[in-house]
Each structure stands twice: as C-alpha cells, then as structure tokens.
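Text of model29.cif, listed as mmCIF, C-alpha atoms:
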```
data_run
loop_
_atom_site.label_atom_id
_atom_site.label_comp_id
_atom_site.auth_asym_id
_atom_site.auth_seq_id
_atom_site.Cartn_x
_atom_site.Cartn_y
_atom_site.Cartn_z
CA MET A 1 -145.38 94.90 -154.70
CA THR A 2 -144.01 91.45 -153.62
CA ASP A 3 -140.25 90.80 -153.69
CA VAL A 4 -139.75 87.80 -156.00
CA GLY A 5 -136.33 86.87 -154.44
CA LEU A 6 -137.83 86.80 -150.98
CA SER A 7 -140.81 84.71 -152.13
CA ASN A 8 -138.50 81.86 -153.45
CA ARG A 9 -136.19 81.54 -150.42
CA GLU A 10 -136.03 78.33 -148.19
CA ILE A 11 -136.62 79.07 -144.55
CA LEU A 12 -135.10 76.59 -142.00
CA THR A 13 -136.00 76.16 -138.40
CA VAL A 14 -133.29 76.40 -135.79
CA SER A 15 -133.65 72.68 -135.03
CA ALA A 16 -133.29 71.75 -138.70
CA LEU A 17 -130.22 73.91 -139.08
CA ASN A 18 -128.57 72.54 -135.98
CA ARG A 19 -129.43 68.99 -137.08
CA SER A 20 -127.88 69.57 -140.50
CA ALA A 21 -124.79 71.08 -138.92
CA ARG A 22 -124.52 68.13 -136.58
CA ARG A 23 -124.72 65.60 -139.43
CA LEU A 24 -122.15 67.60 -141.37
CA LEU A 25 -119.72 67.67 -138.44
CA GLU A 26 -120.13 64.01 -137.53
CA GLY A 27 -119.78 62.93 -141.15
CA GLU A 28 -116.76 65.05 -142.01
CA PHE A 29 -114.62 64.63 -138.90
CA PRO A 30 -113.17 61.22 -138.06
CA MET A 31 -112.28 60.08 -134.55
CA VAL A 32 -109.77 62.60 -133.19
CA PHE A 33 -107.41 62.95 -130.21
CA VAL A 34 -107.42 66.28 -128.41
CA GLU A 35 -105.10 67.32 -125.58
CA GLY A 36 -106.03 70.06 -123.15
CA GLU A 37 -106.59 71.14 -119.56
CA ILE A 38 -109.81 70.21 -117.77
CA SER A 39 -112.03 73.00 -116.48
CA ASN A 40 -115.70 73.26 -115.44
CA PHE A 41 -115.81 69.53 -114.68
CA THR A 42 -119.26 68.35 -113.51
CA ARG A 43 -120.81 64.98 -112.83
CA PRO A 44 -124.60 65.07 -112.35
CA SER A 45 -126.70 62.25 -110.87
CA SER A 46 -126.96 60.58 -114.30
CA GLY A 47 -123.27 59.69 -114.06
CA HIS A 48 -122.31 61.50 -117.28
CA TRP A 49 -119.26 63.75 -117.28
CA TYR A 50 -119.32 67.28 -118.67
CA LEU A 51 -116.15 69.33 -118.93
CA THR A 52 -114.29 71.90 -120.96
CA LEU A 53 -110.93 71.30 -122.58
CA LYS A 54 -108.86 74.46 -122.97
CA ASP A 55 -105.44 75.70 -123.92
CA ASP A 56 -104.02 79.18 -123.95
CA ASN A 57 -106.11 80.37 -126.90
CA ALA A 58 -109.32 78.32 -127.12
CA GLN A 59 -111.70 75.97 -125.38
CA LEU A 60 -113.85 72.96 -126.36
CA ARG A 61 -116.91 71.62 -124.56
CA CYS A 62 -116.88 67.84 -124.02
CA ALA A 63 -119.39 65.23 -122.86
CA MET A 64 -118.47 61.70 -121.75
CA PHE A 65 -121.40 59.40 -121.09
CA VAL A 66 -121.50 56.95 -118.23
CA ASN A 67 -121.09 53.81 -120.38
CA ARG A 68 -117.68 55.15 -121.47
CA ASN A 69 -116.40 57.01 -118.43
CA ARG A 70 -116.70 53.97 -116.18
CA LEU A 71 -113.72 52.52 -118.09
CA VAL A 72 -111.45 55.43 -117.12
CA ARG A 73 -109.04 54.41 -114.35
CA PHE A 74 -108.79 57.85 -112.72
CA THR A 75 -111.14 60.62 -111.64
CA PRO A 76 -110.79 63.83 -113.72
CA LYS A 77 -110.11 67.04 -111.84
CA ASN A 78 -110.02 70.65 -112.87
CA GLY A 79 -106.55 71.66 -113.97
CA MET A 80 -105.59 68.12 -115.01
CA GLN A 81 -103.91 67.76 -118.40
CA VAL A 82 -105.55 64.94 -120.38
CA VAL A 83 -105.78 63.44 -123.86
CA VAL A 84 -109.33 62.73 -125.03
CA ARG A 85 -110.34 60.55 -127.96
CA GLY A 86 -113.77 61.16 -129.45
CA ARG A 87 -115.91 62.44 -132.29
CA ILE A 88 -116.95 65.99 -133.11
CA SER A 89 -120.65 66.79 -132.82
CA LEU A 90 -123.14 69.58 -132.10
CA TYR A 91 -125.50 69.80 -129.16
CA GLU A 92 -128.67 70.80 -130.95
CA GLY A 93 -130.47 72.07 -127.85
CA ARG A 94 -128.08 74.96 -127.39
CA GLY A 95 -126.40 74.96 -130.74
CA GLU A 96 -123.08 74.33 -129.09
CA PHE A 97 -120.08 72.79 -130.81
CA GLN A 98 -118.84 69.87 -128.64
CA MET A 99 -116.82 66.66 -128.50
CA ILE A 100 -118.33 63.31 -127.49
CA ALA A 101 -115.47 61.63 -125.59
CA GLU A 102 -115.01 57.84 -125.71
CA HIS A 103 -111.61 57.49 -124.03
CA MET A 104 -109.58 59.62 -121.67
CA GLU A 105 -106.05 59.30 -120.33
CA GLU A 106 -103.68 61.55 -118.54
CA ALA A 107 -101.61 63.54 -120.97
CA GLY A 108 -98.34 61.80 -120.16
CA ASP A 109 -99.91 58.37 -120.73
CA GLY A 110 -100.42 58.87 -124.46
CA ALA A 111 -96.72 58.78 -125.35
CA LEU A 112 -96.12 56.09 -122.79
CA ARG A 113 -98.89 53.98 -124.24
CA ARG A 114 -97.40 54.22 -127.71
CA ALA A 115 -93.96 53.30 -126.36
CA PHE A 116 -95.58 50.41 -124.45
CA ASP A 117 -97.29 49.05 -127.56
CA LYS A 118 -94.12 49.36 -129.63
CA LEU A 119 -91.94 47.54 -127.09
CA LYS A 120 -94.59 44.86 -126.53
CA ALA A 121 -94.79 44.13 -130.26
CA LYS A 122 -90.98 43.97 -130.52
CA LEU A 123 -90.49 41.57 -127.61
CA GLU A 124 -93.45 39.45 -128.64
CA ALA A 125 -91.94 39.04 -132.12
CA GLU A 126 -88.70 37.87 -130.48
CA GLY A 127 -90.56 35.17 -128.53
CA LEU A 128 -90.12 36.62 -125.03
CA PHE A 129 -93.81 36.09 -124.31
CA ASP A 130 -93.98 32.50 -125.65
CA PRO A 131 -96.20 30.47 -123.26
CA ASP A 132 -94.24 27.28 -124.03
CA ALA A 133 -91.06 28.86 -122.63
CA ARG A 134 -92.58 29.62 -119.23
CA LEU A 135 -91.23 27.79 -116.20
CA PRO A 136 -93.59 25.90 -113.86
CA ILE A 137 -94.36 27.51 -110.51
CA PRO A 138 -93.46 25.22 -107.56
CA ALA A 139 -96.50 24.05 -105.62
CA MET A 140 -94.61 24.13 -102.33
CA PRO A 141 -91.69 26.62 -102.37
CA ASN A 142 -89.28 26.58 -99.44
CA HIS A 143 -87.68 29.96 -100.11
CA ILE A 144 -89.27 32.93 -101.92
CA ALA A 145 -87.39 36.02 -103.09
CA VAL A 146 -89.64 39.11 -103.06
CA ILE A 147 -88.30 41.97 -105.18
CA THR A 148 -90.13 45.13 -104.17
CA SER A 149 -89.95 48.28 -102.12
CA PRO A 150 -89.37 47.41 -98.45
CA THR A 151 -91.66 50.25 -97.32
CA GLY A 152 -94.59 49.89 -99.70
CA ALA A 153 -98.02 48.43 -99.08
CA ALA A 154 -97.30 45.53 -101.44
CA ILE A 155 -94.71 43.89 -99.18
CA ARG A 156 -97.01 44.20 -96.17
CA ASP A 157 -99.83 42.50 -98.09
CA VAL A 158 -97.53 39.73 -99.32
CA LEU A 159 -96.06 38.98 -95.90
CA SER A 160 -99.49 39.07 -94.25
CA VAL A 161 -100.93 36.55 -96.71
CA LEU A 162 -97.90 34.24 -96.45
CA ARG A 163 -97.97 34.27 -92.63
CA ARG A 164 -101.66 33.50 -92.66
CA ARG A 165 -101.60 30.76 -95.25
CA PHE A 166 -98.26 28.99 -94.68
CA PRO A 167 -95.86 30.57 -92.18
CA ALA A 168 -93.24 27.83 -92.69
CA ILE A 169 -92.17 29.35 -96.03
CA THR A 170 -88.95 31.37 -95.82
CA VAL A 171 -89.27 34.83 -97.39
CA SER A 172 -86.33 37.07 -98.33
CA VAL A 173 -87.01 40.66 -99.39
CA LEU A 174 -84.64 42.06 -102.02
CA PRO A 175 -85.25 45.83 -101.63
CA VAL A 176 -85.40 47.95 -104.77
CA GLN A 177 -86.95 51.20 -105.91
CA VAL A 178 -90.14 50.49 -107.82
CA GLN A 179 -90.36 53.81 -109.66
CA GLY A 180 -87.98 56.45 -110.86
CA GLU A 181 -84.92 56.43 -113.07
CA ASP A 182 -82.89 54.10 -110.83
CA SER A 183 -85.63 51.52 -110.32
CA ALA A 184 -85.21 49.50 -113.55
CA PRO A 185 -81.43 48.89 -113.07
CA GLN A 186 -82.05 47.92 -109.45
CA ILE A 187 -84.74 45.43 -110.48
CA VAL A 188 -82.41 43.88 -113.08
CA LYS A 189 -79.63 43.63 -110.50
CA ALA A 190 -81.96 42.02 -107.94
CA LEU A 191 -83.14 39.42 -110.48
CA ASP A 192 -79.54 38.54 -111.28
CA PHE A 193 -78.67 38.30 -107.56
CA ALA A 194 -81.62 36.00 -106.86
CA ASN A 195 -80.50 33.62 -109.60
CA ARG A 196 -76.88 33.54 -108.36
CA TYR A 197 -77.62 33.26 -104.64
CA ASP A 198 -76.63 29.76 -103.50
CA ALA A 199 -76.33 30.01 -99.69
CA GLU A 200 -79.99 29.05 -99.39
CA PRO A 201 -81.20 28.94 -103.00
CA PHE A 202 -84.53 30.49 -103.92
CA ASP A 203 -87.30 28.40 -105.45
CA VAL A 204 -89.27 31.26 -107.03
CA ILE A 205 -89.11 35.06 -107.45
CA LEU A 206 -92.02 37.42 -106.76
CA LEU A 207 -91.68 40.81 -108.50
CA THR A 208 -94.34 43.15 -107.15
CA ARG A 209 -95.45 46.66 -106.27
CA GLY A 210 -98.68 48.51 -105.60
CA GLY A 211 -100.84 50.40 -108.05
CA GLY A 212 -100.20 53.75 -109.70
CA SER A 213 -100.37 55.60 -112.95
CA MET A 214 -98.77 54.31 -116.09
CA GLU A 215 -95.86 56.63 -115.48
CA ASP A 216 -95.47 55.26 -111.94
CA LEU A 217 -95.37 51.70 -113.27
CA TRP A 218 -93.07 52.50 -116.17
CA SER A 219 -90.02 50.76 -114.67
CA PHE A 220 -91.86 47.46 -115.27
CA ASN A 221 -92.41 48.41 -118.93
CA THR A 222 -88.72 48.71 -119.77
CA GLU A 223 -86.81 46.36 -122.06
CA PRO A 224 -83.96 45.52 -119.60
CA VAL A 225 -86.44 44.37 -116.96
CA ALA A 226 -88.37 42.26 -119.48
CA ARG A 227 -85.19 40.58 -120.75
CA ALA A 228 -83.92 39.95 -117.21
CA ILE A 229 -87.22 38.24 -116.34
CA HIS A 230 -87.07 36.13 -119.49
CA ALA A 231 -83.43 35.16 -118.81
CA SER A 232 -84.13 34.10 -115.21
CA ALA A 233 -83.45 30.43 -114.46
CA LEU A 234 -85.91 30.69 -111.57
CA PRO A 235 -89.65 31.05 -112.22
CA VAL A 236 -90.82 34.65 -111.88
CA VAL A 237 -94.29 35.67 -110.69
CA CYS A 238 -95.18 39.28 -111.50
CA ALA A 239 -97.84 41.20 -109.57
CA VAL A 240 -97.68 44.89 -110.48
CA GLY A 241 -100.44 47.36 -109.71
CA HIS A 242 -104.12 46.56 -109.59
CA GLU A 243 -106.09 43.93 -111.44
CA THR A 244 -106.60 46.16 -114.50
CA ASP A 245 -102.92 47.15 -114.76
CA PHE A 246 -100.85 45.28 -117.32
CA THR A 247 -97.12 45.80 -117.80
CA ILE A 248 -94.45 44.35 -120.09
CA ALA A 249 -93.10 42.51 -117.05
CA ASP A 250 -96.45 40.71 -116.71
CA PHE A 251 -96.15 39.34 -120.25
CA ALA A 252 -92.50 38.29 -119.80
CA ALA A 253 -93.09 36.60 -116.42
CA ASP A 254 -93.85 32.92 -115.99
CA LEU A 255 -97.07 33.84 -114.17
CA ARG A 256 -98.99 37.09 -113.80
CA ALA A 257 -101.03 37.73 -110.65
CA PRO A 258 -103.61 40.54 -110.53
CA THR A 259 -102.47 41.88 -107.13
CA PRO A 260 -99.61 41.32 -104.65
CA SER A 261 -101.99 39.53 -102.28
CA ALA A 262 -103.18 37.24 -105.08
CA ALA A 263 -99.56 36.43 -105.94
CA ALA A 264 -98.88 35.47 -102.31
CA GLU A 265 -101.92 33.18 -102.38
CA VAL A 266 -100.72 31.55 -105.60
CA LEU A 267 -97.27 30.89 -104.15
CA SER A 268 -98.38 29.56 -100.77
CA PRO A 269 -100.49 26.48 -100.09
CA ASP A 270 -103.33 26.88 -97.62
CA ARG A 271 -102.21 25.29 -94.37
CA ILE A 272 -105.82 24.52 -93.43
CA GLU A 273 -106.29 22.60 -96.66
CA TRP A 274 -102.95 20.85 -96.09
CA LEU A 275 -103.89 19.90 -92.54
CA GLU A 276 -107.19 18.57 -93.80
CA SER A 277 -105.31 16.62 -96.49
CA PHE A 278 -103.00 15.20 -93.83
CA ASN A 279 -105.98 14.26 -91.68
CA ARG A 280 -107.65 12.54 -94.61
CA ALA A 281 -104.41 10.74 -95.44
CA GLU A 282 -104.04 9.72 -91.78
CA ARG A 283 -107.57 8.36 -91.65
CA THR A 284 -107.09 6.51 -94.90
CA LEU A 285 -103.75 5.10 -93.76
CA THR A 286 -105.20 4.02 -90.40
CA HIS A 287 -108.13 2.29 -92.10
CA ARG A 288 -105.84 0.51 -94.54
CA MET A 289 -103.41 -0.52 -91.80
CA LYS A 290 -106.26 -1.98 -89.74
CA ALA A 291 -107.56 -3.87 -92.76
CA MET A 292 -104.05 -5.15 -93.56
CA ILE A 293 -103.47 -6.24 -89.93
CA GLU A 294 -106.80 -8.10 -89.93
CA ARG A 295 -105.86 -9.85 -93.17
CA HIS A 296 -102.47 -10.84 -91.76
CA GLU A 297 -104.00 -12.05 -88.50
CA SER A 298 -106.44 -14.19 -90.46
CA HIS A 299 -103.61 -15.51 -92.59
CA VAL A 300 -101.49 -16.26 -89.50
CA GLY A 301 -104.41 -18.08 -87.87
CA HIS A 302 -104.89 -20.16 -90.99
CA ILE A 303 -101.18 -20.99 -91.06
CA ALA A 304 -101.16 -21.76 -87.33
CA LYS A 305 -103.83 -24.41 -87.85
CA ARG A 306 -101.71 -26.06 -90.52
CA LEU A 307 -98.46 -25.74 -88.54
CA ARG A 308 -96.99 -29.04 -87.20
CA HIS A 309 -94.84 -29.54 -84.10
CA PRO A 310 -91.17 -28.82 -84.83
CA GLY A 311 -90.16 -32.19 -83.33
CA ARG A 312 -92.17 -34.08 -85.91
CA ARG A 313 -90.80 -31.89 -88.59
CA LEU A 314 -87.27 -32.68 -87.35
CA GLU A 315 -88.05 -36.38 -87.30
CA ASP A 316 -89.29 -36.24 -90.87
CA LEU A 317 -86.22 -34.30 -91.88
CA GLY A 318 -83.97 -36.80 -90.01
CA GLN A 319 -85.63 -39.69 -91.79
CA GLN A 320 -85.27 -37.90 -95.06
CA LEU A 321 -81.60 -37.26 -94.25
CA ASP A 322 -81.01 -40.98 -93.52
CA HIS A 323 -82.68 -41.89 -96.78
CA LEU A 324 -80.55 -39.41 -98.64
CA GLU A 325 -77.44 -40.71 -96.86
CA MET A 326 -78.21 -44.29 -97.92
CA ARG A 327 -78.84 -43.16 -101.47
CA LEU A 328 -75.59 -41.26 -101.38
CA SER A 329 -73.66 -44.30 -100.08
CA ALA A 330 -75.18 -46.55 -102.75
CA ALA A 331 -74.44 -44.01 -105.40
CA PHE A 332 -70.89 -43.69 -104.08
CA LYS A 333 -70.42 -47.47 -104.20
CA ARG A 334 -71.79 -47.63 -107.69
CA TYR A 335 -69.54 -44.83 -108.67
CA THR A 336 -66.53 -46.54 -107.02
CA GLU A 337 -67.30 -49.84 -108.71
CA ARG A 338 -67.86 -48.11 -111.97
CA PHE A 339 -64.61 -46.29 -111.49
CA ARG A 340 -62.80 -49.55 -110.55
CA LEU A 341 -64.30 -51.43 -113.52
CA ALA A 342 -63.39 -48.56 -115.74
CA ASP A 343 -59.85 -48.66 -114.34
CA ILE A 344 -59.68 -52.44 -114.84
CA ALA A 345 -61.05 -52.12 -118.35
CA THR A 346 -58.48 -49.44 -119.05
CA ARG A 347 -55.69 -51.55 -117.65
CA LEU A 348 -56.99 -54.66 -119.51
CA GLN A 349 -57.25 -52.71 -122.66
CA GLY A 350 -53.66 -51.56 -122.20
CA ALA A 351 -52.47 -55.13 -121.51
CA MET A 352 -54.37 -56.44 -124.52
CA SER A 353 -52.90 -53.72 -126.63
CA ARG A 354 -49.40 -54.60 -125.44
CA ARG A 355 -50.02 -58.35 -125.99
CA LEU A 356 -51.42 -57.69 -129.44
CA GLU A 357 -48.40 -55.58 -130.21
CA ARG A 358 -46.09 -58.41 -129.04
CA ALA A 359 -48.16 -61.04 -130.91
CA GLY A 360 -48.00 -58.91 -133.99
CA ALA A 361 -44.25 -58.61 -133.61
CA ASP A 362 -43.95 -62.41 -133.07
CA LEU A 363 -46.16 -63.04 -136.06
CA ARG A 364 -44.08 -60.78 -138.18
CA LEU A 365 -40.93 -62.49 -136.92
CA THR A 366 -42.44 -65.97 -137.50
CA SER A 367 -43.64 -64.97 -140.93
CA SER A 368 -40.15 -63.91 -141.79
CA ARG A 369 -38.86 -67.37 -140.67
CA VAL A 370 -41.54 -69.50 -142.42
CA LYS A 371 -40.30 -71.36 -145.53
CA PRO A 372 -42.45 -72.07 -148.58
CA PRO A 373 -44.77 -75.01 -147.57
CA LEU A 374 -45.20 -76.83 -150.91
CA PRO A 375 -42.00 -78.99 -150.91
CA ARG A 376 -42.58 -79.86 -147.30
CA ILE A 377 -46.17 -80.75 -148.04
CA ALA A 378 -45.16 -83.00 -150.92
CA SER A 379 -42.59 -84.78 -148.70
CA LEU A 380 -45.09 -85.15 -145.89
CA SER A 381 -47.70 -86.49 -148.33
CA VAL A 382 -45.37 -89.27 -149.44
CA GLU A 383 -44.49 -90.02 -145.82
CA LEU A 384 -48.17 -90.03 -144.98
CA ASP A 385 -48.95 -92.52 -147.71
CA ASN A 386 -46.21 -94.81 -146.44
CA LEU A 387 -47.43 -94.53 -142.92
CA GLY A 388 -50.96 -95.27 -144.12
CA ARG A 389 -49.93 -98.41 -145.80
CA ARG A 390 -47.86 -99.55 -142.84
CA ASN A 391 -50.71 -98.76 -140.51
CA ARG A 392 -53.15 -100.76 -142.57
CA SER A 393 -50.82 -103.73 -142.66
CA ALA A 394 -50.31 -103.54 -138.92
CA VAL A 395 -54.04 -103.29 -138.32
CA VAL A 396 -54.79 -106.27 -140.53
CA GLY A 397 -52.16 -108.39 -138.76
CA GLU A 398 -53.40 -107.31 -135.37
CA LEU A 399 -56.94 -108.16 -136.38
CA ARG A 400 -55.90 -111.59 -137.46
CA GLN A 401 -54.06 -112.32 -134.21
CA THR A 402 -56.97 -110.99 -132.22
CA SER A 403 -59.43 -113.12 -134.25
CA ALA A 404 -57.38 -116.27 -133.62
CA LYS A 405 -57.20 -115.57 -129.90
CA LEU A 406 -60.91 -114.93 -129.90
CA SER A 407 -61.63 -118.26 -131.59
CA THR A 408 -59.47 -120.09 -129.02
CA ILE A 409 -61.20 -118.41 -126.11
CA GLU A 410 -64.57 -119.12 -127.65
CA SER A 411 -63.73 -122.84 -128.00
CA ARG A 412 -62.60 -122.99 -124.37
CA LEU A 413 -65.73 -121.23 -123.23
CA THR A 414 -67.93 -123.49 -125.25
CA GLY A 415 -66.33 -126.59 -123.63
CA MET A 416 -66.99 -125.23 -120.19
CA ASP A 417 -70.67 -124.31 -120.92
CA PRO A 418 -73.01 -126.24 -118.43
CA GLN A 419 -75.67 -126.54 -121.02
CA ARG A 420 -73.28 -128.52 -123.28
CA VAL A 421 -72.48 -130.81 -120.36
CA LEU A 422 -76.17 -131.47 -119.79
CA GLU A 423 -76.61 -132.17 -123.44
CA ARG A 424 -74.01 -134.95 -123.11
CA GLY A 425 -76.21 -136.79 -120.59
CA TYR A 426 -75.20 -135.41 -117.30
CA ALA A 427 -77.94 -134.59 -114.80
CA ILE A 428 -78.05 -131.98 -112.05
#
```
Could you render the structure from this file as structure tokens?
Amino acid sequence: MTDVGLSNREILTVSALNRSARRLLEGEFPMVFVEGEISNFTRPSSGHWYLTLKDDNAQLRCAMFVNRNRLVRFTPKNGMQVVVRGRISLYEGRGEFQMIAEHMEEAGDGALRRAFDKLKAKLEAEGLFDPDARLPIPAMPNHIAVITSPTGAAIRDVLSVLRRRFPAITVSVLPVQVQGEDSAPQIVKALDFANRYDAEPFDVILLTRGGGSMEDLWSFNTEPVARAIHASALPVVCAVGHETDFTIADFAADLRAPTPSAAAEVLSPDRIEWLESFNRAERTLTHRMKAMIERHESHVGHIAKRLRHPGRRLEDLGQQLDHLEMRLSAAFKRYTERFRLADIATRLQGAMSRRLERAGADLRLTSSRVKPPLPRIASLSVELDNLGRRNRSAVVGELRQTSAKLSTIESRLTGMDPQRVLERGYAI
C-alpha cells in the first residue's frame, strides 16, 4: 500500500537547496562589518584570499577576490585583528556559510577612519580647505624649513633630492616626533617657530614623514595641527606617507605632495634645467648684442659720412653769432630810440598838460576880466563909420591930386615926344 503523504512531497537536490539558501542569505542580509582575528589565511595562485575570522566563541569563513584585495594597503597575517566589510553568502559547492569580503582594514583603523571623516567634514565646513585661501609656493626658495623626524627616512630622501637638484638652497631641519602622543604638540610648536623665526626668514615649510598605518600617521589627522597649518603665514607643503595616504594635514596645506621626495622636487628647481635656461639666455643675449652692435656701427658709419669738419662748423656758428650780434645791436638801438621817443612823448605830454592847465587858468582869469562886448561894439561901430567916411574923403582928395600931377607929367612927356617933333617938320 502506497503512502499518500510520501507520494505528494517535493524532493530537492542538494544544489537546489544550497542555491535557495544562498539567495535567501544574500537577499536578507545587507552589507555588514565584522571584526575578528585572522586564521587559516591562504593565497593561491589565482590571487584570491581565503581566511577565517574568529573570536572566542565562533568562526566565519571569508573569501576576498583579487579585484578587491588589491586595494588593501597591507598584507593580512594570521593573528591580525581586522574589520571586514562584505555580504553574507553560501558556497554551494561545500554548503558552507561564508562572507564575501569587499574591504578590509586593521581593527584600530575603523574608529580612526570615522574620527577622520568627522574632523574632515567639520574643518571643511569651516573653510580650512578652501583652495582660494592657499598661498602660492615660491618657485625659487632661498631657505626651507623641514619639519620632520631627524632620524627618519623622509629627511634623508628630502636632503638627497635637494642636494641633487639645487644644492644652493639652505635647508633647516626643525626636529619633531612624527608619531605618538607628543608629536602633534611638537608639530604645532615647530610651525609657530618657523613663522616667527626672523634671523634668516624661511620662504616655505615642508611638513613630512614616511609611510605607516593610519594609527602611525594620526598626528597629522589632529585638529591642532590642521589649524596651525591653516594659520601659517608661510606656505606649507605637506608630504605624509605614501602616494595613497591622505591626512587632514594634506587638505589643510597649501600643497600636497605624494611623497617626501616628490615634495623636495616640487620645492627645488632643477639646476640642469636652470643652467640650460641660462645658456639659452646667454646665447640669445649674445646674438642680440651682436645685432645691436652691427646696427649701431652701420648708423655711426652713416653719420660719419654726413659729419662735417668742426672748423667749418665753428665758422658757420661764428657767422651766425655775428649775424645775431648785429640783429641784437639793431634791436637794441630800436629799443633805445623807442624808449627815448617814448620818454620824449611822455615829457611832451606832461609839458602840454601843464601848458594846457596854465592856459585854462589864464582863460578862466581872462574870462573873469572880460566886460560885456555890446556897448563897446556899438561905440566902435560909430567910430568905424566915422573913420570910413574920413578915409573915403582922404582917398578922393588924394586921387584928385594924383590925377592932376599925372596930367601935368603927361603934358610934359607929350611935349618931349620925338614923334611930335617930327610931326612939326623937323627931320632926322
């Protein structure tokens, strides 16, 4: 007899069950962070990482594929405490519960990263990272202040690059601790000292150290250091860690360099390039000087052809001087005569004015003495009539006497006329 319950059941294969469990796990669990200790770490030829995360009571298998683990900045080791971010899944081939890791950091870095992001957002909101507030880096500094550990590899790299590229630059090392509790206050104090130092003032500050973990670099992620960099009156170049390391100091600095050596190259001109520039400038200057000398020689030759003997020039100038002297003498005479005539006219005008004044006074005096003319005129008219009559009588009498004398003379002349004698019969 067949069991009805058994005949209606659904039978799954192992693969189907594991696949369903995998979809369920991946769909229900979001991206999670898990902290634990690494054990059973392996890295086959494919480049993938396989490891187990464990704590005191449990363990979790993890896989991190090569496209993700190449972004991790350290090499995992057994016994290392890490924080892994990933998604929960199931490896169907063995039916094993596992985590597919996408990011891994050392356990201490997780809290530091959150503190880093919080401080970065705060200072950015205050404008400490504003690109417009950054100071220009001098192209040719005379004196560089290097704030770093005096015994680290960073200072050796910086000094080596500066000696190779431009040994004439003066470098002063301001020694500080670059990690530990006392490092941040020392860095702040060194930045303040560099800004106040006036014996041989600095042109730029280089704040640098070698690479390390986020915890090692934490002094450069502190708020006092960031504010001291922002408050610096001197430009600050920050080169902390390796190329992939970014700190708060990098964002606050006027320029961020990926490595200490790169910072030294940024701050120092290449002496070979400068020498070549000098040589080019020398060649250009020599060429231009030759061309200018040739132009001046040509100009001088042209002027020399037009140049006259100085004696002739002096003769011409002497003749011109004589002519000017004669013109000056004539002008002086004309001026003297004009001045004399003007003086005479002035004097004459004064005399005339005085004479007119006297004549006016005489006229006024005479006018005051003049009597009314009408009676005198009437008397003179009567006297004139009498004189007229007497004059006419005298004239008439004189005419009569003169006429009688004339008649007598005429008779005597007529008697003595030869023609009258001849008429009386006398002959010559």
(request) Using all atoms listed in the file, determine which residues lie at most 12 Å from Asp56 of chain A, disregarding the query and same-chain residues fewer than 4 positions distant; provide the list as a list in words. (result)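 Listed by chain and then number, they are Gly36, Glu37 and Leu60 of chain A.
Here the question is which of A:Glu315, A:His230, A:Ser407, A:Ala16 gets nearest to Asp130 of chain A using only C-alpha atoms, and that residue is A:His230.
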(request) Would you translate the PyMOL selection byres ((chain A and resi 73) around 12) into the concrete set of residues it matches in this file, as a list of chain:residue names? (result)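 Applying the PyMOL selection byres ((chain A and resi 73) around 12) to the structure shown produces A:Arg68, A:Asn69, A:Arg70, A:Leu71, A:Val72, A:Phe74, A:Thr75, A:Pro76, A:His103, A:Met104, A:Glu105, A:Glu106, A:Asp109, A:Gly211, A:Gly212, A:Ser213, A:Met214, A:His242, A:Glu243, A:Thr244, A:Asp245.
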(request) Mind listing whatever residues come within 12 Å of the point (-106.7, 67.3, -117.0)? Use only C-alpha atoms, file coordinates, and give them as a PyMOL selection string. (result) chain A and resi 34-41+51-55+74-84+104-109
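From atom CA of Ile147 of chain A back to atom CA of Pro260 of chain A, the distance works out to 11.3 Å.
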(request) Could you jot down the atom CA of Met99 of chain A to atom CA of Met64 of chain A separation for me, Å, one decimal place? (result)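 Computed distance, atom CA of Met99 of chain A to atom CA of Met64 of chain A, equals 8.5 Å.
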(message) Env of Ala263 of chain A: 8 Å cut, atoms = all atoms listed in the file, seq-sep filter 4 positions within chain, self excluded. Answer as number ranges by chain.
(response) A: 158, 206, 237-239, 256-259, 267
Please produce a file of the residues just selected, as a PDB file, in the frame of the given file, where the atoms kept are C-alpha atoms.
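The resulting file, selection.pdb, is shown below:
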```pdb
ATOM      1  CA  VAL A 158     -97.530  39.730 -99.320  1.00  0.00           C
ATOM      2  CA  LEU A 206     -92.020  37.420-106.760  1.00  0.00           C
ATOM      3  CA  VAL A 237     -94.290  35.670-110.690  1.00  0.00           C
ATOM      4  CA  CYS A 238     -95.180  39.280-111.500  1.00  0.00           C
ATOM      5  CA  ALA A 239     -97.840  41.200-109.570  1.00  0.00           C
ATOM      6  CA  ARG A 256     -98.990  37.090-113.800  1.00  0.00           C
ATOM      7  CA  ALA A 257    -101.030  37.730-110.650  1.00  0.00           C
ATOM      8  CA  PRO A 258    -103.610  40.540-110.530  1.00  0.00           C
ATOM      9  CA  THR A 259    -102.470  41.880-107.130  1.00  0.00           C
ATOM     10  CA  LEU A 267     -97.270  30.890-104.150  1.00  0.00           C
TER      11      LEU A 267
END
```
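Atom pair atom CA of Leu275 of chain A / atom CA of Ile155 of chain A has a distance of 26.5 Å (rounded to one decimal).
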(request) Can you turn the PyMOL selection byres ((chain A and resi 210) around 6) into a concrete residue list for this file, as number ranges by chain? (result) A: 154, 209, 211, 241
(message) Please list as a VMD selection string every residue within 9 Å of Phe65 of chain A, counting all atoms listed in the file and excluding residues in the same chain fewer than 4 positions away.
(response) chain A and resid 46 to 50 69 to 70 100 to 102
(request) Evaluate the PyMOL selection byres ((chain A and resi 176) around 8) here and jot the selected residues down as a PyMOL selection string. (result) chain A and resi 147-150+174-175+177-178+183+186-187+190
(message) When you count all atoms listed in the file, which of these residues is closest to Ser172 of chain A: A:Val146, A:Ala194, A:Ile11, A:Arg389?
(response) A:Val146
(request) Give the answer as one residue: which of A:Phe166, A:Phe129, A:Phe332, A:Phe246 has the shortest atom-to-atom distance to Pro269 of chain A, using all atoms listed in the file? (result) A:Phe166
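Shortest atom-to-atom contact with Phe193 of chain A among A:Glu223, A:Ser160, A:Leu387, A:Leu234: A:Leu234, counting only C-alpha atoms.
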(request) Find, counting only C-alpha atoms, the residue in A:Phe33, A:Thr408, A:Ile137, A:Asn221 that gets nearest to Val266 of chain A. (result)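 The answer is A:Ile137, which sits nearest to Val266 of chain A.
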(request) Pick out the closest residue to Val171 of chain A from this set: A:Arg283, A:Arg196, A:Arg9, A:His143. Count all atoms listed in the file. (result)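 Ranked by minimum distance to Val171 of chain A, first place goes to A:His143.
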